[in-house]
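Some notes on the structure that comes next.
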Amino acid sequence: MHYGLGDYVLDIAENAVEAGPREVILDLDESEDCFRVSVRDDGRGMTAEEKARALDPFYTDGTKHAGRKVGLGLPFLAQAVELAGGRWAIESEKGKGTKVEFAFPSASVDSPPAGEIPSLLLGLLCLPGDHEMLIRRKSPRGSYELRRSELSEAVGGLERASSLALLRDYLASMEDDD
Amino acid sequence: MAKMTLEQLRKLREEKKQDLTRREVEGKEIQVIVGMGTCGIAAGAKQTFDAVVEAVNASGLGDQVVIRQTGCMGLCYVEPTVEVVAPGMPTVIYGKMTRDFAKELVTKHLVEKKLLDDHIFDRPAADIMKN
């Protein structure tokens, strides 16, 4: 089971990136009542049957690891959200993409801690692939948007440690008050 | 600290590039690859990735090391896992690389060129990966 909310976001975003999208759009909307997340990709999508099976922890499509018998990302999320009294939803269409939305209520003791947002953003932006990623972040302190291609260009790629350290500083600054 | 603009970020990058030119860094690229499957994330791989970035940059090797994420490496029981590919050293997969050990990995393996024996786990055999 994951510890922080950011772990669930990263796990679901990794699924989106692995679906071969041109673009992934993430909304991280933190209010006093709850933390709402939306992860949308225009990748390969799922049929209704595949979508139902994706919630089975003992099912995986086998594309990443031949012979592997488990796929825990979505089941972990569904279990954690329901435990906290939140809500989640998945929409998907074969060949068009997938959208996963979930919300953890702030008042529930079973909601995971938000954790370090800059660390989450760094992990999201560094997920491997040639896709574009747009992250829209809202919190009581303000709002901002991040576009992966722009940031990659600004720091000279998203792999070298020196570039990632610069990016980490930038992301930390974005969490300051407007 | 106020929000940084993209222009300020580009300027900082240019300043770092000038520093690099002055130091005339040589040598082949070192790769540090962090396993970021569901198992790795549950064990704290996100924090490990962050710690590696911080520690590598603090070590002065920031321009010689690339840090990547990958999926599960098949060693779920010792997550977080980190593979290190460094010139002149054997390619190894380290397990149980929590935030604190990630810093030690950078100091010992990348800077001092010594292996962290207690954390080495080889890749699983190919036949296990297939079945």
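Going by the structure tokens order, chains are called A, B, ..., each with residues numbered from 1, while ligands are numbered from 1 in the order shown.
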Please list as a count of residues only every residue within 12 Å of Ala172 (chain A), counting only C-alpha atoms and excluding residues in the same chain fewer than 2 positions away. 21
Step one, run DSSP on the backbone; step two, keep only residues of region 5-116 of chain B assigned to alpha helix (DSSP H); then write them as an MDAnalysis selection string. chainID B and resid 6:23 38:42 45:59 99:105
Those selected residues, please, written with N, CA and C atoms and delivered as a tab-separated table (two decimals), in the first residue's frame.
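The new file part22.tsv reads:
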chain	number	residue	atom	x	y	z
B	6	LEU	N	10.25	31.07	-15.98
B	6	LEU	CA	10.99	30.20	-16.91
B	6	LEU	C	12.27	30.88	-17.39
B	7	GLU	N	12.19	32.21	-17.55
B	7	GLU	CA	13.37	32.95	-18.01
B	7	GLU	C	14.49	32.89	-16.97
B	8	GLN	N	14.12	33.01	-15.71
B	8	GLN	CA	15.12	32.90	-14.64
B	8	GLN	C	15.73	31.50	-14.62
B	9	LEU	N	14.90	30.50	-14.87
B	9	LEU	CA	15.37	29.12	-14.89
B	9	LEU	C	16.38	28.93	-16.04
B	10	ARG	N	16.06	29.48	-17.21
B	10	ARG	CA	16.98	29.38	-18.36
B	10	ARG	C	18.31	30.07	-18.05
B	11	LYS	N	18.23	31.21	-17.36
B	11	LYS	CA	19.43	31.97	-17.04
B	11	LYS	C	20.32	31.18	-16.08
B	12	LEU	N	19.68	30.57	-15.08
B	12	LEU	CA	20.44	29.74	-14.13
B	12	LEU	C	21.14	28.60	-14.85
B	13	ARG	N	20.44	28.00	-15.80
B	13	ARG	CA	21.02	26.89	-16.57
B	13	ARG	C	22.24	27.36	-17.35
B	14	GLU	N	22.13	28.55	-17.96
B	14	GLU	CA	23.25	29.09	-18.73
B	14	GLU	C	24.45	29.33	-17.83
B	15	GLU	N	24.22	29.83	-16.63
B	15	GLU	CA	25.31	30.07	-15.68
B	15	GLU	C	25.99	28.76	-15.32
B	16	LYS	N	25.20	27.72	-15.11
B	16	LYS	CA	25.76	26.39	-14.78
B	16	LYS	C	26.56	25.85	-15.94
B	17	LYS	N	26.09	26.09	-17.16
B	17	LYS	CA	26.81	25.60	-18.34
B	17	LYS	C	28.18	26.26	-18.44
B	18	GLN	N	28.25	27.54	-18.11
B	18	GLN	CA	29.53	28.24	-18.15
B	18	GLN	C	30.49	27.67	-17.11
B	19	ASP	N	29.95	27.34	-15.92
B	19	ASP	CA	30.78	26.71	-14.88
B	19	ASP	C	31.36	25.40	-15.39
B	20	LEU	N	30.52	24.65	-16.10
B	20	LEU	CA	30.92	23.33	-16.60
B	20	LEU	C	32.06	23.49	-17.60
B	21	THR	N	31.96	24.47	-18.48
B	21	THR	CA	32.99	24.68	-19.48
B	21	THR	C	34.33	25.01	-18.81
B	22	ARG	N	34.26	25.80	-17.75
B	22	ARG	CA	35.50	26.17	-17.06
B	22	ARG	C	36.16	24.96	-16.40
B	23	ARG	N	35.33	24.05	-15.88
B	23	ARG	CA	35.90	22.88	-15.17
B	23	ARG	C	36.41	21.83	-16.15
B	38	THR	N	4.93	0.14	-9.17
B	38	THR	CA	4.06	0.26	-7.99
B	38	THR	C	4.79	-0.19	-6.72
B	39	CYS	N	5.54	-1.30	-6.84
B	39	CYS	CA	6.28	-1.83	-5.68
B	39	CYS	C	7.32	-0.82	-5.19
B	40	GLY	N	8.03	-0.20	-6.13
B	40	GLY	CA	9.06	0.77	-5.76
B	40	GLY	C	8.45	2.01	-5.13
B	41	ILE	N	7.36	2.50	-5.73
B	41	ILE	CA	6.70	3.70	-5.20
B	41	ILE	C	6.22	3.44	-3.77
B	42	ALA	N	5.64	2.24	-3.56
B	42	ALA	CA	5.13	1.90	-2.22
B	42	ALA	C	6.24	1.85	-1.18
B	45	ALA	N	10.29	4.94	-3.47
B	45	ALA	CA	11.19	5.25	-4.58
B	45	ALA	C	11.16	6.72	-5.00
B	46	LYS	N	10.03	7.36	-4.78
B	46	LYS	CA	9.93	8.78	-5.12
B	46	LYS	C	10.94	9.58	-4.28
B	47	GLN	N	11.00	9.27	-3.00
B	47	GLN	CA	11.94	9.94	-2.11
B	47	GLN	C	13.39	9.56	-2.46
B	48	THR	N	13.57	8.31	-2.89
B	48	THR	CA	14.91	7.86	-3.29
B	48	THR	C	15.39	8.65	-4.50
B	49	PHE	N	14.51	8.80	-5.49
B	49	PHE	CA	14.85	9.55	-6.70
B	49	PHE	C	15.26	10.98	-6.34
B	50	ASP	N	14.46	11.58	-5.48
B	50	ASP	CA	14.73	12.94	-5.03
B	50	ASP	C	16.09	13.03	-4.32
B	51	ALA	N	16.34	12.05	-3.44
B	51	ALA	CA	17.60	12.04	-2.67
B	51	ALA	C	18.81	11.84	-3.58
B	52	VAL	N	18.65	11.01	-4.61
B	52	VAL	CA	19.76	10.78	-5.55
B	52	VAL	C	20.08	12.08	-6.30
B	53	VAL	N	19.04	12.77	-6.77
B	53	VAL	CA	19.25	14.04	-7.48
B	53	VAL	C	20.01	15.02	-6.58
B	54	GLU	N	19.56	15.13	-5.36
B	54	GLU	CA	20.18	16.08	-4.41
B	54	GLU	C	21.63	15.69	-4.11
B	55	ALA	N	21.84	14.40	-3.83
B	55	ALA	CA	23.18	13.94	-3.43
B	55	ALA	C	24.17	14.01	-4.58
B	56	VAL	N	23.73	13.64	-5.78
B	56	VAL	CA	24.64	13.70	-6.93
B	56	VAL	C	25.03	15.14	-7.20
B	57	ASN	N	24.07	16.01	-7.17
B	57	ASN	CA	24.38	17.42	-7.43
B	57	ASN	C	25.31	17.99	-6.36
B	58	ALA	N	25.07	17.62	-5.09
B	58	ALA	CA	25.92	18.11	-4.00
B	58	ALA	C	27.34	17.55	-4.10
B	59	SER	N	27.48	16.38	-4.75
B	59	SER	CA	28.81	15.75	-4.86
B	59	SER	C	29.68	16.41	-5.92
B	99	ARG	N	15.96	6.61	1.23
B	99	ARG	CA	16.53	7.95	1.08
B	99	ARG	C	17.96	8.03	1.66
B	100	ASP	N	18.16	7.50	2.87
B	100	ASP	CA	19.47	7.59	3.52
B	100	ASP	C	20.53	6.79	2.77
B	101	PHE	N	20.15	5.59	2.32
B	101	PHE	CA	21.13	4.77	1.61
B	101	PHE	C	21.42	5.34	0.23
B	102	ALA	N	20.46	6.05	-0.34
B	102	ALA	CA	20.69	6.66	-1.65
B	102	ALA	C	21.83	7.68	-1.56
B	103	LYS	N	21.88	8.38	-0.46
B	103	LYS	CA	22.99	9.34	-0.28
B	103	LYS	C	24.31	8.60	-0.14
B	104	GLU	N	24.28	7.47	0.59
B	104	GLU	CA	25.49	6.67	0.77
B	104	GLU	C	25.95	6.09	-0.57
B	105	LEU	N	24.99	5.70	-1.41
B	105	LEU	CA	25.31	5.16	-2.73
B	105	LEU	C	26.12	6.18	-3.53
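With only C-alpha atoms as the atoms that count, the minimum distance from chain A to the choices B:His119, B:Lys96, B:Lys113, B:Arg68 is reached by B:Arg68.
Among the candidates A:Arg87, A:His131, A:Arg147, A:His2, the one nearest to chain B when counting only C-alpha atoms is A:His2.
Near chain B, the residues of chain A that fall inside 7 Å (using only C-alpha atoms) are Met1, His2, Tyr3, Asp7, Asp11, Ala66, Gly67, Leu72, Gly73, Ser119, Gly123, Leu127, Pro128, Ala154, Val155, Glu159, Arg160, Ala161, Ser162, Leu164, Ala165, Tyr170, Ser173, Met174 and Asp176 of chain A.
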Skipping near chain neighbours, those fewer than 3 positions away, what residues fall within 7 Å of Glu145 (chain A) using only C-alpha atoms, listed as JSON, numbers by chain? {"A": [135, 136, 137]}
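Relative to CA of Ser163 (chain A), CA of Met133 (chain A) is found at 17.8 Å.
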Test item: residues at most 6 Å from region 15-26 of chain A, only C-alpha atoms, excluding those fewer than 5 positions along its chain, as a list in words: Ser38, Val39, Arg40, Asp41, Asp42, Gly43, Arg44, His131, Glu132, Met133, Leu134 and Ile135 of chain A
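Going from CA of Lys99 (chain A) to CA of Lys51 (chain A) covers 11.2 Å.
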Name all residues at most 10 Å from Met89 (chain B) (count only C-alpha atoms; drop same-chain ones fewer than 4 positions away) and give them as a PyMOL selection string. chain B and resi 84-85+109-110+113-115
Can you write just those residues out, N, CA and C atoms, as a PDB file, in the first residue's frame?
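The resulting file, again_8.pdb, is shown below:
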ATOM      1  N   VAL B  84      23.029   1.002 -11.128  1.00  0.00           N
ATOM      2  CA  VAL B  84      24.091   1.971 -11.392  1.00  0.00           C
ATOM      3  C   VAL B  84      25.009   1.429 -12.479  1.00  0.00           C
ATOM      4  N   VAL B  85      25.181   2.230 -13.533  1.00  0.00           N
ATOM      5  CA  VAL B  85      26.082   1.886 -14.633  1.00  0.00           C
ATOM      6  C   VAL B  85      27.165   2.949 -14.654  1.00  0.00           C
ATOM      7  N   HIS B 109      29.702   4.706  -4.108  1.00  0.00           N
ATOM      8  CA  HIS B 109      29.830   4.131  -5.450  1.00  0.00           C
ATOM      9  C   HIS B 109      30.309   5.164  -6.478  1.00  0.00           C
ATOM     10  N   LEU B 110      29.677   6.312  -6.484  1.00  0.00           N
ATOM     11  CA  LEU B 110      29.973   7.279  -7.544  1.00  0.00           C
ATOM     12  C   LEU B 110      31.225   8.104  -7.257  1.00  0.00           C
ATOM     13  N   LYS B 113      34.156   5.199  -5.678  1.00  0.00           N
ATOM     14  CA  LYS B 113      34.272   4.027  -6.555  1.00  0.00           C
ATOM     15  C   LYS B 113      34.350   2.719  -5.769  1.00  0.00           C
ATOM     16  N   LYS B 114      33.545   2.625  -4.713  1.00  0.00           N
ATOM     17  CA  LYS B 114      33.470   1.397  -3.927  1.00  0.00           C
ATOM     18  C   LYS B 114      32.035   0.881  -3.958  1.00  0.00           C
ATOM     19  N   LEU B 115      31.889  -0.438  -3.946  1.00  0.00           N
ATOM     20  CA  LEU B 115      30.537  -1.021  -3.964  1.00  0.00           C
ATOM     21  C   LEU B 115      29.957  -1.085  -2.551  1.00  0.00           C
TER      22      LEU B 115
END
Neighbouring residues of Leu5 (chain A) were defined as those with any atom within 7 Å, considering only C-alpha atoms; residues of the same chain fewer than 3 positions away were excluded. Please report them as an MDAnalysis selection string. chainID A and resid 8:9 112:115
Can you write just those residues out, N, CA and C atoms, as a PDB file, in the first residue's frame?
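After the write, again12.pdb holds the following:
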ATOM      1  N   TYR A   8       0.182   7.703  -5.039  1.00  0.00           N
ATOM      2  CA  TYR A   8      -0.940   7.275  -5.885  1.00  0.00           C
ATOM      3  C   TYR A   8      -0.931   8.044  -7.207  1.00  0.00           C
ATOM      4  N   VAL A   9      -0.671   9.337  -7.117  1.00  0.00           N
ATOM      5  CA  VAL A   9      -0.667  10.162  -8.331  1.00  0.00           C
ATOM      6  C   VAL A   9       0.425   9.674  -9.286  1.00  0.00           C
ATOM      7  N   PRO A 112      -4.442   9.910   2.886  1.00  0.00           N
ATOM      8  CA  PRO A 112      -2.976   9.959   2.990  1.00  0.00           C
ATOM      9  C   PRO A 112      -2.476  11.406   3.013  1.00  0.00           C
ATOM     10  N   PRO A 113      -1.313  11.643   3.611  1.00  0.00           N
ATOM     11  CA  PRO A 113      -0.751  13.003   3.598  1.00  0.00           C
ATOM     12  C   PRO A 113      -0.364  13.415   2.177  1.00  0.00           C
ATOM     13  N   ALA A 114      -0.479  14.716   1.905  1.00  0.00           N
ATOM     14  CA  ALA A 114      -0.143  15.204   0.554  1.00  0.00           C
ATOM     15  C   ALA A 114       1.329  14.978   0.238  1.00  0.00           C
ATOM     16  N   GLY A 115       2.173  15.085   1.239  1.00  0.00           N
ATOM     17  CA  GLY A 115       3.603  14.873   1.013  1.00  0.00           C
ATOM     18  C   GLY A 115       4.255  16.066   0.337  1.00  0.00           C
TER      19      GLY A 115
END
Which residue gives the smallest distance to Val106 (chain B) among B:Val82, B:Phe121, B:Gly35, B:Lys28, with only C-alpha atoms counted? B:Val82
I need the residues of region 51-137 of chain A that end up classed as strand (DSSP E or B) by DSSP on the backbone, written out as a ChimeraX atom specification. /A:87-93,97-105,132-137
Let me see the file: selected residues, N, CA and C atoms, as a PDB file, in the first residue's frame.
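Saved file out09.pdb follows:
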ATOM      1  N   ARG A  87     -13.864   9.542  -3.361  1.00  0.00           N
ATOM      2  CA  ARG A  87     -14.501   8.978  -4.559  1.00  0.00           C
ATOM      3  C   ARG A  87     -13.474   8.885  -5.683  1.00  0.00           C
ATOM      4  N   TRP A  88     -13.736   7.973  -6.601  1.00  0.00           N
ATOM      5  CA  TRP A  88     -12.861   7.807  -7.756  1.00  0.00           C
ATOM      6  C   TRP A  88     -13.694   7.386  -8.960  1.00  0.00           C
ATOM      7  N   ALA A  89     -13.163   7.613 -10.130  1.00  0.00           N
ATOM      8  CA  ALA A  89     -13.869   7.237 -11.359  1.00  0.00           C
ATOM      9  C   ALA A  89     -12.854   7.031 -12.479  1.00  0.00           C
ATOM     10  N   ILE A  90     -13.189   6.110 -13.353  1.00  0.00           N
ATOM     11  CA  ILE A  90     -12.336   5.873 -14.525  1.00  0.00           C
ATOM     12  C   ILE A  90     -13.205   5.921 -15.773  1.00  0.00           C
ATOM     13  N   GLU A  91     -12.770   6.698 -16.754  1.00  0.00           N
ATOM     14  CA  GLU A  91     -13.407   6.696 -18.073  1.00  0.00           C
ATOM     15  C   GLU A  91     -12.342   6.278 -19.064  1.00  0.00           C
ATOM     16  N   SER A  92     -12.688   5.418 -19.977  1.00  0.00           N
ATOM     17  CA  SER A  92     -11.707   5.005 -20.967  1.00  0.00           C
ATOM     18  C   SER A  92     -12.390   4.580 -22.256  1.00  0.00           C
ATOM     19  N   GLU A  93     -11.727   4.839 -23.363  1.00  0.00           N
ATOM     20  CA  GLU A  93     -12.244   4.420 -24.660  1.00  0.00           C
ATOM     21  C   GLU A  93     -11.080   3.884 -25.468  1.00  0.00           C
ATOM     22  N   GLY A  97      -8.043   6.960 -25.225  1.00  0.00           N
ATOM     23  CA  GLY A  97      -7.381   7.379 -23.993  1.00  0.00           C
ATOM     24  C   GLY A  97      -8.162   7.047 -22.735  1.00  0.00           C
ATOM     25  N   THR A  98      -7.605   7.471 -21.624  1.00  0.00           N
ATOM     26  CA  THR A  98      -8.165   7.135 -20.319  1.00  0.00           C
ATOM     27  C   THR A  98      -8.106   8.351 -19.409  1.00  0.00           C
ATOM     28  N   LYS A  99      -9.132   8.482 -18.573  1.00  0.00           N
ATOM     29  CA  LYS A  99      -9.114   9.527 -17.543  1.00  0.00           C
ATOM     30  C   LYS A  99      -9.419   8.881 -16.197  1.00  0.00           C
ATOM     31  N   VAL A 100      -8.538   9.129 -15.236  1.00  0.00           N
ATOM     32  CA  VAL A 100      -8.741   8.645 -13.871  1.00  0.00           C
ATOM     33  C   VAL A 100      -8.876   9.866 -12.966  1.00  0.00           C
ATOM     34  N   GLU A 101      -9.949   9.890 -12.201  1.00  0.00           N
ATOM     35  CA  GLU A 101     -10.162  10.999 -11.260  1.00  0.00           C
ATOM     36  C   GLU A 101     -10.358  10.427  -9.866  1.00  0.00           C
ATOM     37  N   PHE A 102      -9.822  11.121  -8.882  1.00  0.00           N
ATOM     38  CA  PHE A 102     -10.088  10.705  -7.501  1.00  0.00           C
ATOM     39  C   PHE A 102      -9.954  11.892  -6.562  1.00  0.00           C
ATOM     40  N   ALA A 103     -10.574  11.748  -5.391  1.00  0.00           N
ATOM     41  CA  ALA A 103     -10.526  12.830  -4.400  1.00  0.00           C
ATOM     42  C   ALA A 103     -10.475  12.235  -3.001  1.00  0.00           C
ATOM     43  N   PHE A 104      -9.542  12.717  -2.215  1.00  0.00           N
ATOM     44  CA  PHE A 104      -9.438  12.326  -0.816  1.00  0.00           C
ATOM     45  C   PHE A 104      -9.963  13.473   0.056  1.00  0.00           C
ATOM     46  N   PRO A 105     -10.937  13.198   0.951  1.00  0.00           N
ATOM     47  CA  PRO A 105     -11.430  14.277   1.826  1.00  0.00           C
ATOM     48  C   PRO A 105     -10.398  14.632   2.901  1.00  0.00           C
ATOM     49  N   GLU A 132       4.119  14.831 -24.228  1.00  0.00           N
ATOM     50  CA  GLU A 132       3.975  16.134 -23.561  1.00  0.00           C
ATOM     51  C   GLU A 132       3.218  15.896 -22.259  1.00  0.00           C
ATOM     52  N   MET A 133       3.507  16.699 -21.261  1.00  0.00           N
ATOM     53  CA  MET A 133       2.742  16.617 -20.013  1.00  0.00           C
ATOM     54  C   MET A 133       2.407  18.023 -19.549  1.00  0.00           C
ATOM     55  N   LEU A 134       1.136  18.216 -19.258  1.00  0.00           N
ATOM     56  CA  LEU A 134       0.687  19.494 -18.706  1.00  0.00           C
ATOM     57  C   LEU A 134       0.193  19.228 -17.282  1.00  0.00           C
ATOM     58  N   ILE A 135       0.758  19.954 -16.341  1.00  0.00           N
ATOM     59  CA  ILE A 135       0.330  19.808 -14.945  1.00  0.00           C
ATOM     60  C   ILE A 135      -0.291  21.122 -14.499  1.00  0.00           C
ATOM     61  N   ARG A 136      -1.552  21.048 -14.068  1.00  0.00           N
ATOM     62  CA  ARG A 136      -2.224  22.243 -13.545  1.00  0.00           C
ATOM     63  C   ARG A 136      -2.380  22.060 -12.047  1.00  0.00           C
ATOM     64  N   ARG A 137      -1.794  22.975 -11.306  1.00  0.00           N
ATOM     65  CA  ARG A 137      -1.775  22.838  -9.846  1.00  0.00           C
ATOM     66  C   ARG A 137      -2.538  24.002  -9.209  1.00  0.00           C
TER      67      ARG A 137
END
Fewer than 3 positions away in the same chain doesn't count, so skip those; otherwise give me all residues within 12 Å of Gly86 (chain A), counting only C-alpha atoms, as a list of chain:residue names. A:Asp33, A:Cys34, A:Phe35, A:Arg36, A:Val37, A:Leu77, A:Ala78, A:Gln79, A:Ala80, A:Val81, A:Glu82, A:Leu83, A:Ala89, A:Glu101, A:Phe102, A:Ala103, A:Phe104, A:Pro105, A:Ser106, A:Ala107, A:Ser108, A:Val109, A:Asp110, A:Ser111, A:Pro112
Create the file for the chosen residues now, containing N, CA and C atoms and written as a PDB file, in the first residue's frame.
ATOM      1  N   ASP A  33     -11.248  21.424   1.692  1.00  0.00           N
ATOM      2  CA  ASP A  33     -12.119  20.255   1.858  1.00  0.00           C
ATOM      3  C   ASP A  33     -11.490  18.943   1.409  1.00  0.00           C
ATOM      4  N   CYS A  34     -10.773  19.012   0.300  1.00  0.00           N
ATOM      5  CA  CYS A  34     -10.253  17.758  -0.248  1.00  0.00           C
ATOM      6  C   CYS A  34      -9.107  17.997  -1.227  1.00  0.00           C
ATOM      7  N   PHE A  35      -8.484  16.918  -1.621  1.00  0.00           N
ATOM      8  CA  PHE A  35      -7.428  16.957  -2.637  1.00  0.00           C
ATOM      9  C   PHE A  35      -7.964  16.179  -3.836  1.00  0.00           C
ATOM     10  N   ARG A  36      -8.262  16.906  -4.936  1.00  0.00           N
ATOM     11  CA  ARG A  36      -8.802  16.273  -6.140  1.00  0.00           C
ATOM     12  C   ARG A  36      -7.693  16.092  -7.173  1.00  0.00           C
ATOM     13  N   VAL A  37      -7.687  14.952  -7.797  1.00  0.00           N
ATOM     14  CA  VAL A  37      -6.672  14.651  -8.810  1.00  0.00           C
ATOM     15  C   VAL A  37      -7.357  14.130 -10.061  1.00  0.00           C
ATOM     16  N   LEU A  77      -5.318   2.270  -5.378  1.00  0.00           N
ATOM     17  CA  LEU A  77      -5.979   3.582  -5.339  1.00  0.00           C
ATOM     18  C   LEU A  77      -7.439   3.447  -4.914  1.00  0.00           C
ATOM     19  N   ALA A  78      -8.148   2.530  -5.545  1.00  0.00           N
ATOM     20  CA  ALA A  78      -9.577   2.365  -5.243  1.00  0.00           C
ATOM     21  C   ALA A  78      -9.781   2.018  -3.767  1.00  0.00           C
ATOM     22  N   GLN A  79      -8.949   1.130  -3.268  1.00  0.00           N
ATOM     23  CA  GLN A  79      -9.077   0.707  -1.870  1.00  0.00           C
ATOM     24  C   GLN A  79      -8.812   1.882  -0.916  1.00  0.00           C
ATOM     25  N   ALA A  80      -7.765   2.653  -1.201  1.00  0.00           N
ATOM     26  CA  ALA A  80      -7.397   3.765  -0.311  1.00  0.00           C
ATOM     27  C   ALA A  80      -8.461   4.860  -0.320  1.00  0.00           C
ATOM     28  N   VAL A  81      -8.976   5.168  -1.501  1.00  0.00           N
ATOM     29  CA  VAL A  81      -9.981   6.228  -1.613  1.00  0.00           C
ATOM     30  C   VAL A  81     -11.266   5.814  -0.882  1.00  0.00           C
ATOM     31  N   GLU A  82     -11.682   4.582  -1.089  1.00  0.00           N
ATOM     32  CA  GLU A  82     -12.917   4.110  -0.443  1.00  0.00           C
ATOM     33  C   GLU A  82     -12.752   4.061   1.071  1.00  0.00           C
ATOM     34  N   LEU A  83     -11.572   3.658   1.525  1.00  0.00           N
ATOM     35  CA  LEU A  83     -11.290   3.617   2.963  1.00  0.00           C
ATOM     36  C   LEU A  83     -11.410   5.009   3.591  1.00  0.00           C
ATOM     37  N   ALA A  89     -13.163   7.613 -10.130  1.00  0.00           N
ATOM     38  CA  ALA A  89     -13.869   7.237 -11.359  1.00  0.00           C
ATOM     39  C   ALA A  89     -12.854   7.031 -12.479  1.00  0.00           C
ATOM     40  N   GLU A 101      -9.949   9.890 -12.201  1.00  0.00           N
ATOM     41  CA  GLU A 101     -10.162  10.999 -11.260  1.00  0.00           C
ATOM     42  C   GLU A 101     -10.358  10.427  -9.866  1.00  0.00           C
ATOM     43  N   PHE A 102      -9.822  11.121  -8.882  1.00  0.00           N
ATOM     44  CA  PHE A 102     -10.088  10.705  -7.501  1.00  0.00           C
ATOM     45  C   PHE A 102      -9.954  11.892  -6.562  1.00  0.00           C
ATOM     46  N   ALA A 103     -10.574  11.748  -5.391  1.00  0.00           N
ATOM     47  CA  ALA A 103     -10.526  12.830  -4.400  1.00  0.00           C
ATOM     48  C   ALA A 103     -10.475  12.235  -3.001  1.00  0.00           C
ATOM     49  N   PHE A 104      -9.542  12.717  -2.215  1.00  0.00           N
ATOM     50  CA  PHE A 104      -9.438  12.326  -0.816  1.00  0.00           C
ATOM     51  C   PHE A 104      -9.963  13.473   0.056  1.00  0.00           C
ATOM     52  N   PRO A 105     -10.937  13.198   0.951  1.00  0.00           N
ATOM     53  CA  PRO A 105     -11.430  14.277   1.826  1.00  0.00           C
ATOM     54  C   PRO A 105     -10.398  14.632   2.901  1.00  0.00           C
ATOM     55  N   SER A 106     -10.205  15.915   3.109  1.00  0.00           N
ATOM     56  CA  SER A 106      -9.189  16.369   4.086  1.00  0.00           C
ATOM     57  C   SER A 106      -9.545  15.957   5.508  1.00  0.00           C
ATOM     58  N   ALA A 107     -10.858  15.880   5.797  1.00  0.00           N
ATOM     59  CA  ALA A 107     -11.282  15.634   7.175  1.00  0.00           C
ATOM     60  C   ALA A 107     -11.078  14.184   7.611  1.00  0.00           C
ATOM     61  N   SER A 108     -10.875  13.283   6.668  1.00  0.00           N
ATOM     62  CA  SER A 108     -10.763  11.869   7.020  1.00  0.00           C
ATOM     63  C   SER A 108      -9.356  11.539   7.532  1.00  0.00           C
ATOM     64  N   VAL A 109      -9.302  10.837   8.657  1.00  0.00           N
ATOM     65  CA  VAL A 109      -7.990  10.434   9.183  1.00  0.00           C
ATOM     66  C   VAL A 109      -7.355   9.372   8.286  1.00  0.00           C
ATOM     67  N   ASP A 110      -8.156   8.767   7.423  1.00  0.00           N
ATOM     68  CA  ASP A 110      -7.620   7.737   6.535  1.00  0.00           C
ATOM     69  C   ASP A 110      -7.102   8.300   5.205  1.00  0.00           C
ATOM     70  N   SER A 111      -7.257   9.602   4.997  1.00  0.00           N
ATOM     71  CA  SER A 111      -6.685  10.189   3.783  1.00  0.00           C
ATOM     72  C   SER A 111      -5.172  10.274   3.932  1.00  0.00           C
ATOM     73  N   PRO A 112      -4.442   9.910   2.886  1.00  0.00           N
ATOM     74  CA  PRO A 112      -2.976   9.959   2.990  1.00  0.00           C
ATOM     75  C   PRO A 112      -2.476  11.406   3.013  1.00  0.00           C
TER      76      PRO A 112
END
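Between CA of Ser149 (chain A) and CA of Ser31 (chain A) there is a distance of 27.8 Å.
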